[in-house]
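Undergrad: So I've got this file, final.txt, and it contains compact mmCIF, C-alpha atoms and all ligand atoms:
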```
# COMPACT_ATOMS: atom_id res chain seq x y z
CA MET E 1 157.50 99.76 92.72
CA LYS E 2 154.59 101.96 91.80
CA VAL E 3 155.53 104.91 89.60
CA LEU E 4 153.49 107.99 88.68
CA ILE E 5 154.49 110.11 85.69
CA VAL E 6 153.09 113.64 85.37
CA GLY E 7 152.57 114.95 81.84
CA SER E 8 150.93 114.02 78.57
CA GLY E 9 153.35 114.49 75.68
CA GLY E 10 155.85 112.54 73.61
CA ARG E 11 158.49 113.14 76.27
CA GLU E 12 156.31 111.52 78.93
CA HIS E 13 155.60 108.62 76.57
CA ALA E 14 159.36 108.10 76.19
CA ILE E 15 159.79 108.31 79.98
CA ALA E 16 156.94 105.82 80.48
CA TRP E 17 158.53 103.48 77.95
CA ALA E 18 161.88 103.67 79.79
CA VAL E 19 160.23 103.13 83.18
CA ALA E 20 158.26 100.16 81.83
CA LYS E 21 161.55 98.52 80.79
CA SER E 22 162.76 98.57 84.39
CA PRO E 23 162.24 95.30 86.26
CA LYS E 24 161.59 97.49 89.32
CA ALA E 25 158.38 98.97 87.91
CA ASP E 26 155.36 96.87 88.88
CA LYS E 27 152.69 99.43 88.15
CA ILE E 28 152.82 102.73 86.26
CA TYR E 29 150.30 105.56 86.35
CA CYS E 30 150.37 108.67 84.21
CA ALA E 31 148.46 111.90 84.83
CA PRO E 32 146.91 112.86 82.53
CA GLY E 33 148.75 110.73 79.89
CA ASN E 34 147.61 110.06 76.33
CA ALA E 35 146.52 107.16 74.12
CA GLY E 36 150.10 105.92 73.58
CA ILE E 37 151.14 106.15 77.19
CA ALA E 38 148.09 104.02 78.01
CA GLU E 39 149.98 101.03 76.60
CA PHE E 40 152.38 101.14 79.57
CA ALA E 41 150.51 103.09 82.20
CA GLU E 42 147.07 103.51 83.67
CA CYS E 43 146.13 107.05 82.68
CA VAL E 44 144.52 109.11 85.42
CA ASP E 45 142.35 112.10 84.63
CA ILE E 46 144.13 114.66 86.81
CA GLY E 47 145.77 117.73 85.27
CA ALA E 48 149.50 118.37 85.69
CA MET E 49 148.81 121.60 87.61
CA GLU E 50 146.43 120.00 90.13
CA PHE E 51 149.11 119.47 92.76
CA GLU E 52 146.81 118.66 95.66
CA LYS E 53 144.82 116.10 93.71
CA LEU E 54 148.02 114.54 92.35
CA ALA E 55 149.61 114.28 95.79
CA ALA E 56 146.40 112.82 97.23
CA PHE E 57 146.34 110.27 94.41
CA ALA E 58 150.00 109.38 95.02
CA LYS E 59 149.26 108.83 98.71
CA GLU E 60 146.15 106.80 98.08
CA LYS E 61 147.91 104.52 95.58
CA GLU E 62 151.09 104.36 97.68
CA ILE E 63 153.23 105.60 94.80
CA ASP E 64 156.95 105.01 95.44
CA LEU E 65 158.27 107.45 92.86
CA THR E 66 156.68 110.33 90.98
CA ILE E 67 158.45 111.68 87.88
CA ILE E 68 157.55 115.17 86.69
CA GLY E 69 157.99 115.52 82.93
CA MET E 70 156.70 119.02 82.26
CA ASP E 71 158.02 122.51 82.94
CA ASP E 72 154.83 124.22 84.15
CA PRO E 73 154.28 122.08 87.25
CA LEU E 74 158.00 122.13 88.09
CA VAL E 75 158.19 125.91 87.86
CA GLY E 76 154.93 126.08 89.84
CA GLY E 77 156.38 124.06 92.73
CA ILE E 78 154.93 120.56 92.34
CA VAL E 79 158.06 118.99 93.82
CA ASP E 80 157.75 121.09 96.98
CA ALA E 81 154.05 120.13 97.22
CA PHE E 82 154.89 116.41 96.98
CA GLU E 83 157.80 116.64 99.40
CA ALA E 84 155.60 118.44 101.93
CA GLU E 85 153.40 115.33 101.88
CA GLY E 86 156.40 113.06 102.41
CA LEU E 87 156.24 111.75 98.83
CA ARG E 88 159.29 110.74 96.79
CA VAL E 89 159.49 112.80 93.64
CA PHE E 90 162.01 113.31 90.83
CA GLY E 91 162.49 116.88 89.64
CA PRO E 92 163.85 120.22 90.83
CA ARG E 93 162.14 122.18 93.60
CA LYS E 94 160.54 125.50 92.74
CA ASN E 95 163.58 127.49 93.82
CA ALA E 96 165.75 125.50 91.37
CA ALA E 97 163.24 125.16 88.51
CA ILE E 98 163.44 128.95 88.26
CA ILE E 99 166.51 128.31 86.11
CA GLU E 100 163.94 127.57 83.38
CA GLY E 101 161.06 129.64 84.76
CA SER E 102 162.91 132.94 84.58
CA LYS E 103 165.31 133.71 81.76
CA ALA E 104 166.35 136.89 83.61
CA PHE E 105 167.30 134.73 86.61
CA SER E 106 169.31 132.30 84.49
CA LYS E 107 171.14 135.09 82.66
CA ASP E 108 172.04 136.79 85.95
CA LEU E 109 173.22 133.46 87.34
CA MET E 110 175.48 132.90 84.35
CA LYS E 111 176.87 136.42 84.55
CA LYS E 112 177.57 136.12 88.28
CA TYR E 113 179.34 132.77 87.92
CA HIS E 114 181.10 133.50 84.60
CA ILE E 115 179.29 130.81 82.64
CA PRO E 116 179.61 131.56 78.90
CA THR E 117 176.42 132.98 77.38
CA ALA E 118 175.35 135.81 75.06
CA ALA E 119 175.78 139.38 76.35
CA TYR E 120 172.41 140.75 77.57
CA GLU E 121 170.37 143.21 79.60
CA ASN E 122 167.11 142.57 81.49
CA PHE E 123 164.22 145.04 81.29
CA THR E 124 161.00 145.48 83.25
CA ASP E 125 160.32 148.91 81.72
CA PRO E 126 159.33 148.94 78.03
CA ASP E 127 160.61 152.51 77.56
CA ALA E 128 164.03 151.57 78.89
CA ALA E 129 164.05 148.57 76.53
CA LEU E 130 163.18 150.81 73.56
CA THR E 131 165.91 153.30 74.47
CA TYR E 132 168.48 150.49 74.77
CA LEU E 133 167.53 149.20 71.32
CA GLU E 134 168.25 152.56 69.65
CA THR E 135 172.01 151.95 69.92
CA ALA E 136 172.03 148.13 69.90
CA LYS E 137 173.58 146.03 67.15
CA MET E 138 171.16 144.14 64.87
CA PRO E 139 170.09 141.35 64.62
CA ILE E 140 169.13 141.15 68.25
CA VAL E 141 167.18 138.67 70.35
CA LEU E 142 164.22 139.44 72.61
CA LYS E 143 163.08 136.85 75.15
CA ALA E 144 160.06 136.83 77.41
CA ASP E 145 161.32 136.11 80.92
CA GLY E 146 158.73 133.46 81.77
CA LEU E 147 157.46 130.22 80.24
CA ALA E 148 156.00 130.63 76.75
CA LEU E 149 155.95 127.11 75.25
CA GLY E 150 159.30 127.77 73.57
CA LYS E 151 157.68 130.58 71.56
CA GLY E 152 158.63 133.66 73.58
CA VAL E 153 161.88 134.26 71.72
CA LEU E 154 161.95 136.85 68.93
CA ILE E 155 164.90 137.21 66.59
CA CYS E 156 164.78 140.74 65.19
CA ASN E 157 166.76 141.80 62.14
CA THR E 158 166.00 145.52 62.25
CA LEU E 159 165.37 148.20 64.85
CA GLU E 160 161.74 148.41 63.69
CA GLU E 161 161.25 144.68 64.23
CA ALA E 162 162.87 144.89 67.63
CA LYS E 163 160.66 147.79 68.70
CA ALA E 164 157.61 145.88 67.51
CA GLY E 165 158.89 142.90 69.50
CA VAL E 166 159.02 144.93 72.72
CA LYS E 167 155.41 145.92 72.06
CA THR E 168 154.37 142.29 71.40
CA LEU E 169 156.00 140.96 74.57
CA MET E 170 155.67 143.80 77.08
CA LEU E 171 152.65 145.86 76.04
CA ASP E 172 150.37 143.53 74.09
CA LYS E 173 151.45 140.70 76.44
CA GLN E 174 151.23 138.03 73.77
CA PHE E 175 152.68 135.59 76.30
CA GLY E 176 150.86 137.05 79.30
CA ASP E 177 152.87 137.71 82.44
CA ALA E 178 155.84 135.88 80.89
CA GLY E 179 156.51 139.23 79.21
CA ASN E 180 156.51 141.38 82.38
CA GLU E 181 160.27 141.26 82.13
CA ILE E 182 162.31 140.63 78.98
CA VAL E 183 165.89 139.74 78.22
CA ILE E 184 167.48 141.51 75.27
CA GLU E 185 170.54 139.62 74.15
CA GLU E 186 173.24 139.49 71.56
CA PHE E 187 172.45 137.40 68.47
CA MET E 188 174.75 134.39 68.18
CA THR E 189 175.42 132.09 65.25
CA GLY E 190 176.54 128.49 65.24
CA ARG E 191 175.29 124.94 65.62
CA GLU E 192 172.78 124.25 68.36
CA VAL E 193 173.10 121.25 70.64
CA SER E 194 170.85 120.07 73.47
CA VAL E 195 172.51 118.29 76.36
CA LEU E 196 170.32 116.67 79.00
CA ALA E 197 171.85 115.70 82.31
CA TYR E 198 170.86 113.96 85.53
CA CYS E 199 171.60 116.03 88.63
CA ASP E 200 171.54 115.29 92.35
CA GLY E 201 172.17 118.77 93.70
CA LYS E 202 175.96 118.36 93.61
CA THR E 203 176.86 115.97 90.81
CA ILE E 204 175.82 116.33 87.18
CA LYS E 205 176.06 113.49 84.64
CA CYS E 206 175.31 114.24 81.03
CA MET E 207 173.45 112.02 78.65
CA THR E 208 174.29 111.66 74.99
CA SER E 209 173.77 114.86 72.98
CA ALA E 210 170.90 115.72 70.64
CA GLN E 211 169.82 118.41 68.23
CA ASP E 212 166.30 119.76 67.89
CA HIS E 213 164.65 121.50 64.91
CA LYS E 214 162.48 124.24 66.37
CA ARG E 215 161.06 125.89 63.26
CA ALA E 216 157.87 124.59 61.68
CA LYS E 217 159.05 124.43 58.06
CA ASP E 218 161.89 122.95 56.02
CA GLY E 219 165.06 124.98 55.84
CA ASP E 220 164.39 126.38 59.34
CA GLN E 221 161.62 128.58 58.01
CA GLY E 222 158.29 129.32 59.63
CA LEU E 223 157.36 129.83 63.26
CA ASN E 224 159.07 128.40 66.30
CA THR E 225 157.43 125.24 67.61
CA GLY E 226 157.99 122.94 70.56
CA GLY E 227 160.28 120.92 68.25
CA MET E 228 159.69 119.20 64.90
CA GLY E 229 162.34 116.51 65.16
CA THR E 230 165.64 115.54 66.72
CA PHE E 231 168.72 113.46 66.15
CA SER E 232 171.18 111.99 68.60
CA PRO E 233 174.12 112.17 68.99
CA SER E 234 175.14 115.51 67.48
CA PRO E 235 178.25 115.03 65.32
CA PHE E 236 179.23 118.62 66.20
CA TYR E 237 179.39 117.87 69.91
CA THR E 238 182.95 116.63 69.81
CA LYS E 239 185.02 115.35 72.72
CA GLU E 240 186.72 118.74 72.84
CA VAL E 241 183.41 120.62 73.04
CA GLU E 242 182.20 118.21 75.70
CA GLU E 243 185.30 118.75 77.83
CA PHE E 244 184.94 122.51 77.56
CA CYS E 245 181.29 122.35 78.61
CA GLU E 246 182.02 120.05 81.53
CA LYS E 247 184.67 122.42 82.82
CA TYR E 248 183.03 125.78 82.14
CA ILE E 249 179.29 125.12 81.95
CA TYR E 250 177.76 121.99 83.52
CA GLN E 251 179.58 121.65 86.84
CA PRO E 252 179.81 125.44 87.29
CA THR E 253 176.01 125.60 86.85
CA MET E 254 175.49 122.93 89.50
CA ASP E 255 177.90 124.69 91.84
CA ALA E 256 176.30 128.08 91.17
CA MET E 257 172.83 126.78 91.98
CA ALA E 258 174.09 125.13 95.17
CA ALA E 259 175.94 128.32 96.18
CA GLU E 260 172.71 130.27 95.70
CA GLY E 261 170.90 127.90 98.08
CA ARG E 262 169.01 126.38 95.16
CA PRO E 263 170.53 122.90 94.72
CA PHE E 264 169.29 121.43 91.44
CA THR E 265 167.97 117.86 91.46
CA GLY E 266 166.37 116.37 88.38
CA ILE E 267 167.08 116.86 84.69
CA LEU E 268 169.02 119.92 83.63
CA PHE E 269 168.72 120.60 79.92
CA THR E 270 171.38 122.94 78.58
CA GLY E 271 170.70 124.46 75.17
CA LEU E 272 174.08 125.31 73.67
CA MET E 273 175.18 127.35 70.70
CA LEU E 274 178.58 126.30 69.38
CA THR E 275 179.86 129.74 68.37
CA GLU E 276 183.19 130.72 66.86
CA ASP E 277 184.18 131.87 70.34
CA GLY E 278 183.32 128.51 71.85
CA PRO E 279 180.17 126.96 73.29
CA LYS E 280 177.71 129.35 74.94
CA VAL E 281 174.47 128.69 76.82
CA LEU E 282 171.29 129.64 74.94
CA GLU E 283 168.97 128.54 77.70
CA TYR E 284 168.42 126.10 80.52
CA ASN E 285 165.40 123.90 80.99
CA ALA E 286 164.55 122.04 84.16
CA ARG E 287 163.30 118.82 82.53
CA PHE E 288 163.83 116.48 79.59
CA GLY E 289 163.51 118.08 76.17
CA ASP E 290 160.60 117.17 73.96
CA PRO E 291 161.45 115.66 71.41
CA GLU E 292 165.03 115.25 72.73
CA ALA E 293 163.93 112.61 75.27
CA GLN E 294 162.52 110.54 72.40
CA VAL E 295 165.99 110.06 70.85
CA VAL E 296 168.08 110.03 74.03
CA LEU E 297 166.13 107.60 76.24
CA PRO E 298 165.91 104.76 73.68
CA ARG E 299 169.74 104.85 73.53
CA MET E 300 170.25 104.77 77.30
CA LYS E 301 171.36 101.43 78.72
CA ASN E 302 170.86 102.25 82.42
CA ASP E 303 167.71 101.46 84.34
CA ILE E 304 166.05 104.89 84.51
CA ILE E 305 164.60 104.19 87.96
CA ASP E 306 168.07 103.48 89.37
CA VAL E 307 169.43 106.74 87.99
CA MET E 308 166.49 108.82 89.19
CA GLU E 309 166.64 107.30 92.65
CA ALA E 310 170.37 108.02 92.82
CA CYS E 311 169.56 111.66 92.02
CA ILE E 312 166.96 111.88 94.77
CA ASP E 313 169.32 110.23 97.27
CA GLY E 314 172.33 112.38 96.36
CA LYS E 315 174.25 109.36 95.09
CA LEU E 316 174.61 110.16 91.43
CA SER E 317 178.42 110.08 91.70
CA GLU E 318 178.08 106.29 92.11
CA VAL E 319 176.26 105.89 88.79
CA GLU E 320 177.94 105.38 85.44
CA LEU E 321 175.67 106.40 82.58
CA GLU E 322 175.89 104.20 79.51
CA PHE E 323 174.55 104.81 76.04
CA GLU E 324 174.40 102.59 72.98
CA ASP E 325 177.03 103.27 70.36
CA ASN E 326 174.46 104.04 67.65
CA ALA E 327 172.17 106.86 66.61
CA ALA E 328 168.49 107.76 66.70
CA VAL E 329 166.32 110.18 64.74
CA CYS E 330 162.83 111.45 65.62
CA VAL E 331 160.53 112.96 63.00
CA VAL E 332 157.48 114.66 64.47
CA LEU E 333 154.19 114.09 62.69
CA ALA E 334 152.12 117.20 63.33
CA SER E 335 148.70 118.49 62.39
CA ASP E 336 148.98 120.71 59.31
CA GLY E 337 148.81 124.32 60.46
CA TYR E 338 150.67 123.78 63.76
CA PRO E 339 151.79 125.90 65.64
CA GLU E 340 148.91 128.18 64.63
CA LYS E 341 145.51 126.85 63.62
CA TYR E 342 144.86 123.19 62.95
CA ASP E 343 142.06 120.66 63.07
CA LYS E 344 142.09 117.57 65.25
CA GLY E 345 140.06 114.46 65.91
CA PHE E 346 141.27 112.51 62.84
CA GLU E 347 141.72 108.76 63.08
CA ILE E 348 145.36 107.63 63.14
CA LYS E 349 146.12 104.44 61.22
CA GLY E 350 149.25 102.29 61.14
CA LEU E 351 150.33 102.52 64.79
CA ASP E 352 150.41 98.73 65.17
CA THR E 353 153.16 98.40 62.55
CA PHE E 354 155.63 99.67 65.16
CA LYS E 355 154.83 96.85 67.57
CA GLU E 356 156.61 94.24 65.47
CA LYS E 357 159.69 96.32 64.66
CA ASP E 358 162.84 96.39 66.75
CA GLY E 359 164.54 99.78 67.00
CA TYR E 360 161.43 101.69 65.88
CA TYR E 361 159.18 103.63 68.22
CA VAL E 362 156.14 105.81 67.90
CA PHE E 363 155.81 108.15 70.85
CA HIS E 364 152.43 109.85 71.15
CA ALA E 365 152.34 113.61 71.74
CA GLY E 366 148.76 114.69 71.02
CA THR E 367 146.49 111.67 70.73
CA LYS E 368 143.42 110.32 72.49
CA PHE E 369 140.99 107.47 72.33
CA ASP E 370 137.69 107.94 70.53
CA GLY E 371 135.90 104.70 71.30
CA ASP E 372 138.41 102.07 70.25
CA LYS E 373 140.05 104.33 67.67
CA ILE E 374 143.03 106.58 68.35
CA VAL E 375 142.60 110.10 67.00
CA THR E 376 144.74 113.24 66.71
CA ASN E 377 144.41 115.58 69.67
CA GLY E 378 147.08 118.26 69.33
CA GLY E 379 149.52 120.17 67.17
CA ARG E 380 152.32 117.69 67.58
CA VAL E 381 150.67 114.30 67.19
CA LEU E 382 153.39 111.63 67.12
CA GLY E 383 157.16 111.31 67.25
CA VAL E 384 158.35 108.60 64.89
CA VAL E 385 161.73 107.37 66.10
CA ALA E 386 164.19 104.93 64.58
CA LYS E 387 167.63 103.82 65.55
CA GLY E 388 170.46 102.92 63.19
CA ASN E 389 174.13 102.10 63.38
CA ASP E 390 174.86 105.66 62.36
CA LEU E 391 172.93 108.90 61.95
CA LYS E 392 172.27 108.51 58.22
CA THR E 393 170.83 105.03 58.67
CA ALA E 394 168.73 106.15 61.61
CA ARG E 395 167.40 109.06 59.55
CA ALA E 396 166.53 106.85 56.58
CA ASN E 397 164.81 104.40 58.92
CA ALA E 398 162.83 107.13 60.68
CA TYR E 399 161.62 108.68 57.44
CA ALA E 400 160.65 105.26 56.06
CA ALA E 401 158.64 104.67 59.23
CA THR E 402 156.75 107.96 58.87
CA ASP E 403 155.05 106.34 55.86
CA TRP E 404 153.55 103.62 58.06
CA ILE E 405 151.34 106.22 59.72
CA ASP E 406 148.33 107.86 58.18
CA PHE E 407 145.96 110.60 59.35
CA ALA E 408 144.03 113.28 57.51
CA ASN E 409 146.17 116.39 58.00
CA LYS E 410 149.54 114.75 58.61
CA TYR E 411 152.42 117.22 58.33
CA LYS E 412 156.15 116.76 58.84
CA ARG E 413 159.42 118.45 58.06
CA ASN E 414 161.37 116.66 55.37
CA ASP E 415 164.83 117.82 56.42
CA ILE E 416 165.22 116.57 59.98
CA GLY E 417 168.89 115.72 60.39
CA LYS E 418 170.02 117.55 57.24
CA ALA E 419 172.95 118.90 59.28
CA ILE E 420 174.26 115.34 59.48
CA ASP E 421 175.37 115.68 55.84
CA GLU E 422 177.45 118.73 56.71
CA ALA E 423 179.31 117.05 59.57
P1 LIG T 1 165.55 129.55 73.74
O1 LIG T 1 164.13 129.22 74.13
O2 LIG T 1 166.16 130.60 74.60
O3 LIG T 1 166.41 128.34 73.55
O4 LIG T 1 165.41 130.16 72.27
C1 LIG T 1 164.73 129.48 71.25
C2 LIG T 1 165.58 129.47 70.01
O5 LIG T 1 165.85 130.81 69.59
C3 LIG T 1 166.93 128.83 70.19
O6 LIG T 1 166.87 127.45 70.03
C4 LIG T 1 167.72 129.51 69.10
O7 LIG T 1 167.48 128.91 67.85
C5 LIG T 1 167.16 130.89 69.06
N1 LIG T 1 167.96 131.78 69.92
C6 LIG T 1 167.80 132.02 71.24
N2 LIG T 1 168.72 132.88 71.69
C7 LIG T 1 169.51 133.19 70.65
C8 LIG T 1 170.65 134.04 70.47
N3 LIG T 1 171.14 134.76 71.48
N4 LIG T 1 171.19 134.11 69.25
C9 LIG T 1 170.68 133.40 68.22
N5 LIG T 1 169.60 132.61 68.31
C10 LIG T 1 169.02 132.49 69.51
N1 LIG T 2 162.76 120.64 72.39
C1 LIG T 2 162.98 121.77 73.18
C2 LIG T 2 162.36 121.75 74.50
O1 LIG T 2 161.91 120.73 74.98
O2 LIG T 2 162.35 122.79 75.15
```
So, in terms of structure tokens, how does the structure I just supplied come out?
TA:
Amino acid sequence: MKVLIVGSGGREHAIAWAVAKSPKADKIYCAPGNAGIAEFAECVDIGAMEFEKLAAFAKEKEIDLTIIGMDDPLVGGIVDAFEAEGLRVFGPRKNAAIIEGSKAFSKDLMKKYHIPTAAYENFTDPDAALTYLETAKMPIVLKADGLALGKGVLICNTLEEAKAGVKTLMLDKQFGDAGNEIVIEEFMTGREVSVLAYCDGKTIKCMTSAQDHKRAKDGDQGLNTGGMGTFSPSPFYTKEVEEFCEKYIYQPTMDAMAAEGRPFTGILFTGLMLTEDGPKVLEYNARFGDPEAQVVLPRMKNDIIDVMEACIDGKLSEVELEFEDNAAVCVVLASDGYPEKYDKGFEIKGLDTFKEKDGYYVFHAGTKFDGDKIVTNGGRVLGVVAKGNDLKTARANAYAATDWIDFANKYKRNDIGKAIDEA
């Protein structure tokens, strides 16, 4: 089979790695890809939002399966564009990807179908939002409706902060049109868990759980980022929690989307908060998490192509997902200054060390070739991943492996997986 992967981050590198393991994959392309993905795939210089060019490429190369890694093209309708050309593609259509593309949509969906989530109101009028805040309980959470690279969520401790937040999102439009509408929701506390699942429109099958670390600095300080590290599984995602979520969250979400005429095929990512009142949905995403994919996929025993094809063909109920009985930890190596200002273009040394080591992976997020050198090319540069028999071993292994890599402004959090000690 010929496979095309759309995207260029650590998640797509992990997907490319998993696809390359499949005996079914004869040739892999990635658009646009990065220097790490180039080990498994021929990288093609077409942007993820260039649907027509991508579909034309897929036709020309007779691609059998295209996998969309990123949210922007999914929300923009890349799956519909490929299907219109008769191409086989893995991911939700535009009318289903809206579950990530519009937080107001997903909140209304949950309310309508009684899926547990934080209490909320949606606002398109900034004055109405400000009036609502006057009597609201603090802290409170403001969310831009649209895609904002995981950064459109403001947690406000005081009324003043919340009012300033409305200004930032709706008037100053810090996240552009994503802030045309906002969700104002109740602040929840608890452990966060990410659960990724394969979906075929009717059936949903969850993968092993993971936990992300979204803040830039140790101790969950600093700005929100795309994710600074992950571990899998989450020790807080017990059998009991899982059973609750299967009954009240995952299948009801699939059924709700189908009932709305928006059957969801692809990867559904449910961000959960394990509150005192039980698990509640923080958000949905319509694709693998980044860097959740980097700790989940290396533990998956199934052939990823088989599972994705079963999703496309509506046969997921016939698949049994299997995961290794171990753990994995990912520590992101970023450019110092991320997610604000940072320099790039620095040579990365030590990547080859990973080639000889079983159970260790280095997934590239922001890298590129500069002649025959590989240099930094983004805020998140690499995801260093290690497995272990248990979470503590995996964490020790991953941190040891971060020392194998060197580049000029290398930055990492030092407390990825700290929660493991509290389990
Ligand atoms: P989201 O993109 O909606 O997952 O939000 C990003 C992050 O903001 C989450 O991972 C949480 O850490 C935090 N967050 C979002 N919504 C809430 C909430 N209602 N209460 C507390 N924290 C939240
Ligand atoms: N790691 C969070 C996300 O991919 O949205």
Undergrad: Counting all atoms listed in the file, find the residues whose atoms lie at most 10 Å from (167.8, 106.0, 82.6) (file coordinates) and write them out as a PyMOL selection string.
TA: chain E and resi 15+18-19+21-22+198+207+296-308+321-323
Undergrad: Using only C-alpha atoms and all ligand atoms, which of E:Lys341, E:Lys59, E:Lys205, E:Arg215 sits nearest ligand LIG 1 (chain T)?
TA: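 Among E:Lys341, E:Lys59, E:Lys205, E:Arg215, it is E:Arg215 that comes nearest to ligand LIG 1 (chain T).
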Undergrad: Kindly work out which residues sit at most 10 Å from ligand LIG 1 (chain T), using only C-alpha atoms and all ligand atoms, and give the list as a PyMOL selection string.
TA: chain E and resi 100+103+117-120+139-145+147-156+183-194+211-215+220+224-227+270-273+275+280-285
Undergrad: Which distance in Å separates atom CA of Ala48 of chain E and atom CA of Gly76 of chain E, to one decimal?
TA: 10.3 Å
Undergrad: Of the residues E:Ser232, E:Asp72, E:Ile204, E:Val375, which is the one nearest to Ile249 of chain E, using all atoms listed in the file?
TA: E:Ile204
Undergrad: Could you please determine the separation between atom CA of Val329 of chain E and atom CA of Asn389 of chain E in Å, to one decimal place?
TA: 11.3 Å
Undergrad: Work out how far atom CA of Phe363 of chain E is from atom CA of Gly229 of chain E, in Å to one decimal.
TA: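 For atom CA of Gly229 of chain E relative to atom CA of Phe363 of chain E, the distance reads 12.0 Å.
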Undergrad: For ligand LIG 2 (chain T), which residue out of E:Pro291, E:Pro32, E:Pro126, E:Gly201 is the nearest one, using only C-alpha atoms and all ligand atoms?
TA: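 Nearest candidate to ligand LIG 2 (chain T) out of E:Pro291, E:Pro32, E:Pro126, E:Gly201: E:Pro291.
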Undergrad: Find the residue from E:Arg88, E:Lys344, E:Lys410, E:Lys202 that sits nearest to Asp370 of chain E; use all atoms listed in the file when measuring.
TA: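 Among E:Arg88, E:Lys344, E:Lys410, E:Lys202, it is E:Lys344 that comes nearest to Asp370 of chain E.
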Undergrad: Write out as a list in words each polymer residue whose atoms come within 10 Å of Gly86 of chain E, counting all atoms listed in the file; drop sequence neighbours fewer than 4 positions from it.
TA: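 In the requested format, the answer is Ala55, Lys59, Asp80, Ala81 and Phe82 of chain E.
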